[in-house]
Every structure is written in structure tokens, then in C-alpha cells.
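Structure file protein-v7.csv with CSV, C-alpha atoms:
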chain,number,residue,atom,x,y,z
A,1,MET,CA,26.5,-7.0,-8.5
A,2,THR,CA,24.3,-7.4,-5.4
A,3,HIS,CA,22.5,-4.5,-3.7
A,4,SER,CA,22.3,-6.1,-0.3
A,5,ARG,CA,25.0,-7.1,2.1
A,6,GLN,CA,24.8,-10.6,3.7
A,7,PRO,CA,25.0,-10.2,7.5
A,8,GLU,CA,27.5,-12.4,9.3
A,9,GLU,CA,26.1,-15.5,10.9
A,10,GLY,CA,24.8,-14.8,14.3
A,11,CYS,CA,24.3,-11.1,13.7
A,12,ALA,CA,21.7,-9.7,16.1
A,13,HIS,CA,19.9,-8.1,13.2
A,14,HIS,CA,19.8,-11.3,11.1
A,15,PRO,CA,16.6,-13.3,11.6
A,16,ALA,CA,18.5,-16.6,11.4
A,17,GLY,CA,20.7,-15.3,14.2
A,18,ILE,CA,17.9,-14.4,16.6
A,19,PRO,CA,17.1,-17.3,18.9
A,20,GLY,CA,13.5,-18.4,18.6
A,21,ILE,CA,12.4,-15.8,16.0
A,22,PRO,CA,8.7,-16.5,15.5
A,23,GLY,CA,7.7,-18.3,12.3
A,24,ASP,CA,5.0,-15.7,11.7
A,25,LEU,CA,7.7,-13.1,11.1
A,26,ARG,CA,9.5,-15.3,8.6
A,27,GLN,CA,6.2,-16.0,6.8
A,28,ALA,CA,5.2,-12.3,6.9
A,29,TRP,CA,8.5,-11.3,5.3
A,30,ALA,CA,8.0,-13.9,2.6
A,31,ASP,CA,4.5,-12.4,1.9
A,32,VAL,CA,5.9,-8.9,1.8
A,33,VAL,CA,8.5,-9.8,-0.8
A,34,ALA,CA,6.0,-11.8,-2.9
A,35,THR,CA,3.5,-8.9,-2.8
A,36,ALA,CA,6.2,-6.4,-3.7
A,37,ARG,CA,7.3,-8.5,-6.7
A,38,ARG,CA,3.7,-8.8,-7.7
A,39,THR,CA,3.3,-5.0,-7.9
A,40,ALA,CA,6.3,-4.9,-10.3
A,41,THR,CA,5.1,-7.9,-12.4
A,42,GLU,CA,1.6,-6.4,-12.8
A,43,GLY,CA,2.8,-3.0,-13.7
A,44,LEU,CA,1.9,-1.1,-10.6
A,45,VAL,CA,5.4,0.1,-10.0
A,46,VAL,CA,8.6,0.6,-12.0
A,47,GLY,CA,12.0,-0.2,-10.7
A,48,THR,CA,12.2,0.2,-7.0
A,49,SER,CA,9.3,2.6,-6.7
A,50,GLY,CA,6.5,1.9,-4.3
A,51,ASN,CA,6.7,-0.2,-1.1
A,52,VAL,CA,5.0,-2.9,0.9
A,53,SER,CA,4.8,-3.6,4.6
A,54,ALA,CA,3.1,-5.9,7.1
A,55,ARG,CA,2.6,-5.6,10.8
A,56,VAL,CA,3.2,-8.6,13.2
A,57,GLY,CA,2.5,-7.4,16.7
A,58,ASP,CA,4.7,-4.4,17.4
A,59,VAL,CA,7.1,-5.2,14.5
A,60,VAL,CA,6.5,-3.7,11.0
A,61,LEU,CA,8.2,-5.6,8.2
A,62,VAL,CA,8.9,-3.2,5.3
A,63,THR,CA,10.6,-3.3,2.0
A,64,PRO,CA,14.1,-1.7,2.1
A,65,SER,CA,15.1,1.4,0.2
A,66,GLY,CA,16.5,1.2,-3.3
A,67,VAL,CA,16.7,-2.6,-3.6
A,68,PRO,CA,15.1,-4.4,-6.6
A,69,TYR,CA,12.4,-6.7,-5.4
A,70,ASP,CA,13.7,-9.7,-7.3
A,71,ARG,CA,16.9,-9.5,-5.3
A,72,LEU,CA,15.3,-9.7,-1.9
A,73,GLY,CA,15.5,-12.8,0.2
A,74,PRO,CA,15.2,-14.1,3.8
A,75,ALA,CA,18.6,-12.5,4.7
A,76,ASP,CA,17.3,-9.0,3.7
A,77,THR,CA,14.5,-8.8,6.2
A,78,VAL,CA,13.8,-5.3,7.4
A,79,GLY,CA,11.8,-4.7,10.6
A,80,VAL,CA,11.1,-1.6,12.7
A,81,ASP,CA,9.4,-1.1,16.0
A,82,LEU,CA,5.9,0.2,15.5
A,83,ARG,CA,6.0,2.7,18.4
A,84,THR,CA,9.5,4.1,18.1
A,85,GLY,CA,10.3,3.5,14.5
A,86,ARG,CA,13.7,2.1,15.5
A,87,GLN,CA,15.0,-0.6,13.3
A,88,VAL,CA,15.0,-4.0,15.0
A,89,LEU,CA,15.7,-6.4,12.1
A,90,GLY,CA,18.1,-6.3,9.2
A,91,ASP,CA,20.9,-4.1,8.0
A,92,LEU,CA,19.3,-2.6,4.9
A,93,PRO,CA,17.7,0.9,5.4
A,94,PRO,CA,13.9,0.8,5.5
A,95,THR,CA,11.9,2.4,2.7
A,96,SER,CA,12.0,6.2,2.7
A,97,GLU,CA,8.2,6.1,3.1
A,98,LEU,CA,8.5,4.6,6.6
A,99,PRO,CA,6.8,7.6,8.3
A,100,MET,CA,3.7,7.0,6.1
A,101,HIS,CA,3.6,3.3,6.9
A,102,LEU,CA,4.0,3.8,10.6
A,103,ALA,CA,1.4,6.6,10.7
A,104,VAL,CA,-1.2,4.4,9.0
A,105,TYR,CA,-0.5,1.4,11.4
A,106,ARG,CA,-0.7,3.6,14.4
A,107,ALA,CA,-4.0,5.2,13.4
A,108,THR,CA,-5.9,2.2,12.0
A,109,GLY,CA,-6.4,-1.5,12.5
A,110,ALA,CA,-4.3,-2.2,9.4
A,111,THR,CA,-1.9,-5.1,9.4
A,112,ALA,CA,-0.8,-4.8,5.7
A,113,LEU,CA,-0.1,-1.9,3.5
A,114,VAL,CA,0.6,-1.5,-0.3
A,115,HIS,CA,1.9,1.7,-1.8
A,116,THR,CA,2.3,2.0,-5.6
A,117,HIS,CA,2.9,4.4,-8.4
A,118,ALA,CA,0.2,2.9,-10.6
A,119,VAL,CA,-0.1,4.8,-13.9
A,120,HIS,CA,-3.9,5.5,-14.2
A,121,ALA,CA,-4.3,6.2,-10.5
A,122,THR,CA,-1.3,8.6,-10.5
A,123,ALA,CA,-2.8,10.3,-13.6
A,124,VAL,CA,-6.2,10.7,-11.8
A,125,SER,CA,-4.4,12.2,-8.8
A,126,THR,CA,-3.3,15.1,-10.9
A,127,LEU,CA,-6.9,15.9,-12.1
A,128,VAL,CA,-9.3,15.7,-9.2
A,129,THR,CA,-9.4,15.9,-5.4
A,130,GLU,CA,-11.6,12.8,-5.2
A,131,LEU,CA,-12.1,9.9,-7.6
A,132,PRO,CA,-15.7,10.1,-8.9
A,133,PRO,CA,-17.7,7.0,-8.0
A,134,VAL,CA,-18.0,5.4,-11.4
A,135,HIS,CA,-18.3,1.8,-10.1
A,136,TYR,CA,-19.8,0.1,-7.1
A,137,MET,CA,-16.4,-1.2,-5.9
A,138,THR,CA,-15.9,2.4,-4.6
A,139,ALA,CA,-17.9,1.0,-1.7
A,140,ALA,CA,-15.2,-1.6,-1.0
A,141,LEU,CA,-12.8,1.2,-0.1
A,142,GLY,CA,-15.3,2.9,2.2
A,143,GLY,CA,-16.6,5.5,-0.2
A,144,PRO,CA,-15.3,7.9,-2.9
A,145,VAL,CA,-11.6,7.8,-2.8
A,146,ARG,CA,-9.9,11.1,-1.7
A,147,VAL,CA,-6.7,12.5,-3.1
A,148,ALA,CA,-4.1,13.4,-0.4
A,149,PRO,CA,-2.5,16.9,-1.1
A,150,TYR,CA,1.0,16.8,-2.4
A,151,ALA,CA,3.9,16.7,0.0
A,152,LEU,CA,7.5,15.6,-0.4
A,153,TYR,CA,7.8,11.8,-0.4
A,154,GLY,CA,9.0,10.4,2.9
A,155,SER,CA,7.9,13.5,4.8
A,156,ASP,CA,5.8,13.8,8.0
A,157,ASP,CA,3.6,16.2,6.0
A,158,LEU,CA,2.8,13.5,3.5
A,159,ALA,CA,2.0,11.0,6.3
A,160,ALA,CA,-0.4,13.6,7.8
A,161,HIS,CA,-2.1,14.2,4.5
A,162,VAL,CA,-2.5,10.5,3.9
A,163,LEU,CA,-4.2,10.0,7.3
A,164,GLU,CA,-6.7,12.7,6.5
A,165,ALA,CA,-7.5,11.2,3.1
A,166,LEU,CA,-7.9,7.8,4.7
A,167,ARG,CA,-10.5,8.9,7.2
A,168,ASP,CA,-13.2,6.3,7.0
A,169,ARG,CA,-11.5,4.8,4.0
A,170,THR,CA,-9.1,1.9,3.3
A,171,GLY,CA,-7.4,3.5,0.3
A,172,CYS,CA,-6.5,6.9,-1.1
A,173,LEU,CA,-4.6,8.6,-3.9
A,174,LEU,CA,-1.5,10.7,-3.4
A,175,ARG,CA,-1.4,13.8,-5.6
A,176,ASN,CA,1.3,13.6,-8.3
A,177,HIS,CA,2.5,10.4,-6.6
A,178,GLY,CA,0.4,7.2,-6.5
A,179,THR,CA,-1.8,5.1,-4.3
A,180,LEU,CA,-2.0,3.7,-0.8
A,181,THR,CA,-4.3,0.9,0.4
A,182,TYR,CA,-4.4,-1.1,3.6
A,183,GLY,CA,-6.1,-4.2,4.9
A,184,THR,CA,-5.9,-7.0,7.4
A,185,THR,CA,-3.9,-9.2,5.0
A,186,LEU,CA,-1.5,-8.4,2.1
A,187,GLU,CA,-3.8,-10.1,-0.3
A,188,GLN,CA,-6.6,-7.8,0.8
A,189,ALA,CA,-4.5,-4.7,0.6
A,190,TYR,CA,-3.2,-5.7,-2.8
A,191,ASP,CA,-6.7,-6.4,-4.1
A,192,ARG,CA,-7.8,-3.0,-3.0
A,193,THR,CA,-4.8,-1.4,-4.9
A,194,ALA,CA,-5.7,-3.3,-8.0
A,195,GLN,CA,-9.4,-2.3,-7.8
A,196,LEU,CA,-8.4,1.3,-7.2
A,197,GLU,CA,-6.1,1.4,-10.3
A,198,TRP,CA,-8.9,-0.3,-12.4
A,199,MET,CA,-11.5,2.3,-11.3
A,200,CYS,CA,-9.1,5.1,-12.1
A,201,ARG,CA,-8.6,3.6,-15.6
A,202,VAL,CA,-12.4,3.3,-16.1
A,203,TRP,CA,-13.0,6.9,-15.1
A,204,LEU,CA,-10.2,8.2,-17.3
A,205,THR,CA,-11.5,6.1,-20.2
A,206,ALA,CA,-15.2,7.2,-19.8
A,207,SER,CA,-14.3,10.9,-19.1
A,208,SER,CA,-12.2,11.1,-22.3
A,209,VAL,CA,-15.2,10.5,-24.6
A,210,PRO,CA,-15.9,13.9,-26.3
A,211,GLY,CA,-19.3,15.4,-25.4
A,212,ARG,CA,-20.1,12.8,-22.8
A,213,THR,CA,-20.0,12.8,-19.0
A,214,PRO,CA,-19.7,9.6,-17.0
A,215,ALA,CA,-22.7,8.5,-15.0
A,216,LEU,CA,-21.8,8.4,-11.3
A,217,LEU,CA,-23.3,6.4,-8.4
A,218,GLY,CA,-25.0,8.2,-5.6
A,219,PRO,CA,-24.6,7.8,-1.8
A,220,GLY,CA,-27.6,5.5,-1.5
A,221,GLU,CA,-26.4,3.2,-4.3
A,222,LEU,CA,-22.9,3.0,-2.7
A,223,SER,CA,-24.5,2.2,0.7
A,224,GLU,CA,-26.5,-0.6,-0.9
A,225,ALA,CA,-23.4,-1.9,-2.6
A,226,ALA,CA,-21.4,-1.7,0.6
A,227,ALA,CA,-24.0,-3.8,2.5
A,228,LYS,CA,-24.0,-6.5,-0.2
A,229,LEU,CA,-20.2,-6.5,-0.4
A,230,ARG,CA,-20.0,-7.2,3.4
A,231,GLY,CA,-21.6,-10.5,2.8
A,232,TYR,CA,-19.8,-11.3,-0.5
A,233,GLY,CA,-18.5,-14.9,-0.6
A,234,ARG,CA,-20.3,-16.0,2.6
A,235,PRO,CA,-22.9,-18.7,2.7
A,236,GLY,CA,-26.4,-17.3,2.5
Starting from the file, give its structure as C-alpha cells.
Amino acid sequence: MTHSRQPEEGCAHHPAGIPGIPGDLRQAWADVVATARRTATEGLVVGTSGNVSARVGDVVLVTPSGVPYDRLGPADTVGVDLRTGRQVLGDLPPTSELPMHLAVYRATGATALVHTHAVHATAVSTLVTELPPVHYMTAALGGPVRVAPYALYGSDDLAAHVLEALRDRTGCLLRNHGTLTYGTTLEQAYDRTAQLEWMCRVWLTASSVPGRTPALLGPGELSEAAAKLRGYGRPG
């Protein structure tokens, strides 16, 4: 049984039926699907939880609501207008977290976003209001990662909380919910998600040792790491 309806040939919402649809939209959708599948394969989501999006100009391509990622194909493309939120591509309903995605794109320079329900990160979100800086990769996200206060998923309140938690950051935790990271590419956004989940796991592991308190990095150490990370991978 399929969870998606195949649009009729020539449908205005079907990418194949839109004359001259840019190749970058087709490629971006393929990248969105591949990244969404990766979140499931690598255990960052279960079932249809979490969501992935990419922005191409004023179009935001986003995973649909309630469809297993392994069933998505080119005919299931979902796109909405960045400014109005009106659906401009596809017949499947966009993710229920669309308000959060649009809010982040409108407020930042992001062109890719990954939202997961990663186990260790979600656990940490129930314990603290900020992930303690246990590793220098904290600097790769702009500093200690904040936890956005809880709000109902898909709500404007949650979107507002996330924007505040993301101030000067490229990732945050959502209390009793999961993670959100963004970047200029889906690869970068996904890497930040994976790093965040790993740091949460490290902190949980270290803080669970009886009678011991994890050593944390100070602002100066994080600033030094941030400066070095900015040149990482570039010729000296």
C-alpha cells in the first residue's frame, strides 16, 4: 500500500509537469530525500518523526507529513513559498513543523535544515536548559547549545522558542522533543546534527559517573577552538 498519490501527468503541482522547472530544484529535492533517509538509517529518527528541508531561492522543499522516507520519490516533491507559506509544489501535505522551518529560513541565512528526535539529545533536553560545553565542537555550533522551551509541535510558539534558542547559534535542542540544526548545505546541517547528538551522548556518559563532575570548557577555550575551526580543511 502506498502512502503517496501519483499526480496526473501535466498536473501544475507535479515537477515533471511544470515547464522549465530548474534542475537545482530537482537536485535539492533528491538531497532532501537522501538526508531524510540518512537520519532514519543512522538512528536519529524513528518512523516518520523528524523532518528535513532545503531552500532554493524563495522555494522551501520540505519532507511531507506522515510518509516513510523510503517511499519518497521525485513525484512526491513538496515545496512551499518562503514568504507566504503557500504550497507551490506537490500534492502531499508539508510536514507539520513547517512553521518552524519557515521561521528559521526567514530569520537566518540558512539554506538547509535538519530536525531529528535523536535519543541522547532528546534526553539531555529534559535535564538542562543548555548543553554543558564538554567538547570543543561546541564552538562549531556557535557556542553552548541552548534548549528551546517546550511548546506543542508544529505551533507558532515552538517556532518562536526555537528562534530565540538559535540566537548566534546554528543548532539547538527542543525540550522534550529533539534537535534542530541548520547550514548552507544539507551535508553541513546533517553534520551539525550528528555532532550535537554525539556531544549529548558524551555529556550523559560523563555525568553519569558517580562522584565525578565532567570538566567543561571555558569561553576562552571555545573562542580559540572556534578560530581554529574556521580554517579547518583549508590550505595553510
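Considering only C-alpha atoms, the residue among A:Glu97, A:Asp81, A:Asp70, A:Asp24 positioned nearest to Arg37 in chain A is A:Asp70.
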### Query
Using all atoms listed in the file, which residues sit within 12 Å of Trp198 in chain A once same-chain residues fewer than 5 positions away are excluded, as a PyMOL selection string?
chain A and resi 44+118-122+124+131+134-135+137-138+191-193+203-205
### Task
Determine, counting only C-alpha atoms, which protein, DNA and RNA residues have an atom within 10 Å of an atom of Glu221 in chain A; residues of the same chain fewer than 4 positions away are not included. Present the result as a list in words.
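The neighbour list is Tyr136, Ala139, Leu216, Leu217, Ala225 and Ala226 of chain A.
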### Query
Using all atoms listed in the file, which residue out of A:Cys200, A:Val32, A:Val78, A:Ala107 lies closest to Val162 in chain A?
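Going through A:Cys200, A:Val32, A:Val78, A:Ala107 one by one, the smallest distance to Val162 in chain A is for A:Ala107.
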Residues of range 43-76 of chain A that approach range 150-156 of chain A to 12 Å or less, counting all atoms listed in the file: could you list each one with the shortest pair of atoms and its distance in Å to one decimal, rows by chain and increasing residue number, as a Markdown table?
| residue | atom | partner | partner_atom | distance |
| --- | --- | --- | --- | --- |
| A:Ser49 | CA | A:Tyr153 | CA | 11.3 |
| A:Gly50 | CA | A:Tyr153 | CA | 10.7 |
| A:Asn51 | CA | A:Gly154 | CA | 11.6 |
| A:Ser65 | CA | A:Gly154 | CA | 11.2 |
Quick one: residues within 12 Å of Gly57 in chain A, only C-alpha atoms counted, chain neighbours fewer than 2 positions away excluded, as a PDB file with C-alpha atoms, keeping the file's coordinate frame?
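Listing of around_18.pdb after writing:
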ATOM      1  CA  PRO A  22       8.700 -16.500  15.500  1.00  0.00           C
ATOM      2  CA  ASP A  24       5.000 -15.700  11.700  1.00  0.00           C
ATOM      3  CA  LEU A  25       7.700 -13.100  11.100  1.00  0.00           C
ATOM      4  CA  ALA A  28       5.200 -12.300   6.900  1.00  0.00           C
ATOM      5  CA  ALA A  54       3.100  -5.900   7.100  1.00  0.00           C
ATOM      6  CA  ARG A  55       2.600  -5.600  10.800  1.00  0.00           C
ATOM      7  CA  VAL A  59       7.100  -5.200  14.500  1.00  0.00           C
ATOM      8  CA  VAL A  60       6.500  -3.700  11.000  1.00  0.00           C
ATOM      9  CA  LEU A  61       8.200  -5.600   8.200  1.00  0.00           C
ATOM     10  CA  GLY A  79      11.800  -4.700  10.600  1.00  0.00           C
ATOM     11  CA  VAL A  80      11.100  -1.600  12.700  1.00  0.00           C
ATOM     12  CA  ASP A  81       9.400  -1.100  16.000  1.00  0.00           C
ATOM     13  CA  LEU A  82       5.900   0.200  15.500  1.00  0.00           C
ATOM     14  CA  ARG A  83       6.000   2.700  18.400  1.00  0.00           C
ATOM     15  CA  TYR A 105      -0.500   1.400  11.400  1.00  0.00           C
ATOM     16  CA  ARG A 106      -0.700   3.600  14.400  1.00  0.00           C
ATOM     17  CA  GLY A 109      -6.400  -1.500  12.500  1.00  0.00           C
ATOM     18  CA  ALA A 110      -4.300  -2.200   9.400  1.00  0.00           C
ATOM     19  CA  THR A 111      -1.900  -5.100   9.400  1.00  0.00           C
ATOM     20  CA  ALA A 112      -0.800  -4.800   5.700  1.00  0.00           C
TER      21      ALA A 112
END
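CA of Thr181 in chain A sits 28.9 Å away from CA of Val209 in chain A.
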### Query
Counting all atoms listed in the file, which residues come within 9 Å of (4.6, 2.8, -5.8), with the point read in the file's coordinates, and could you list them as a PyMOL selection string?
chain A and resi 39+44-46+48-52+114-118+177-180
### Query
Quick one, how far is CA of His101 in chain A from CA of Arg26 in chain A?
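Between these atoms lies a distance of 19.6 Å.
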### Message
Under the rule that all atoms listed in the file are counted, which of A:Ser125, A:Ala194, A:Leu98, A:Arg212 is the nearest residue to Gly43 in chain A?
### Response
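Smallest distance to Gly43 in chain A is found for A:Ala194.
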### Two-atom distance - CA of Gly47 in chain A, CA of Arg71 in chain A (Å)
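Computed distance, CA of Gly47 in chain A to CA of Arg71 in chain A, equals 11.8 Å.
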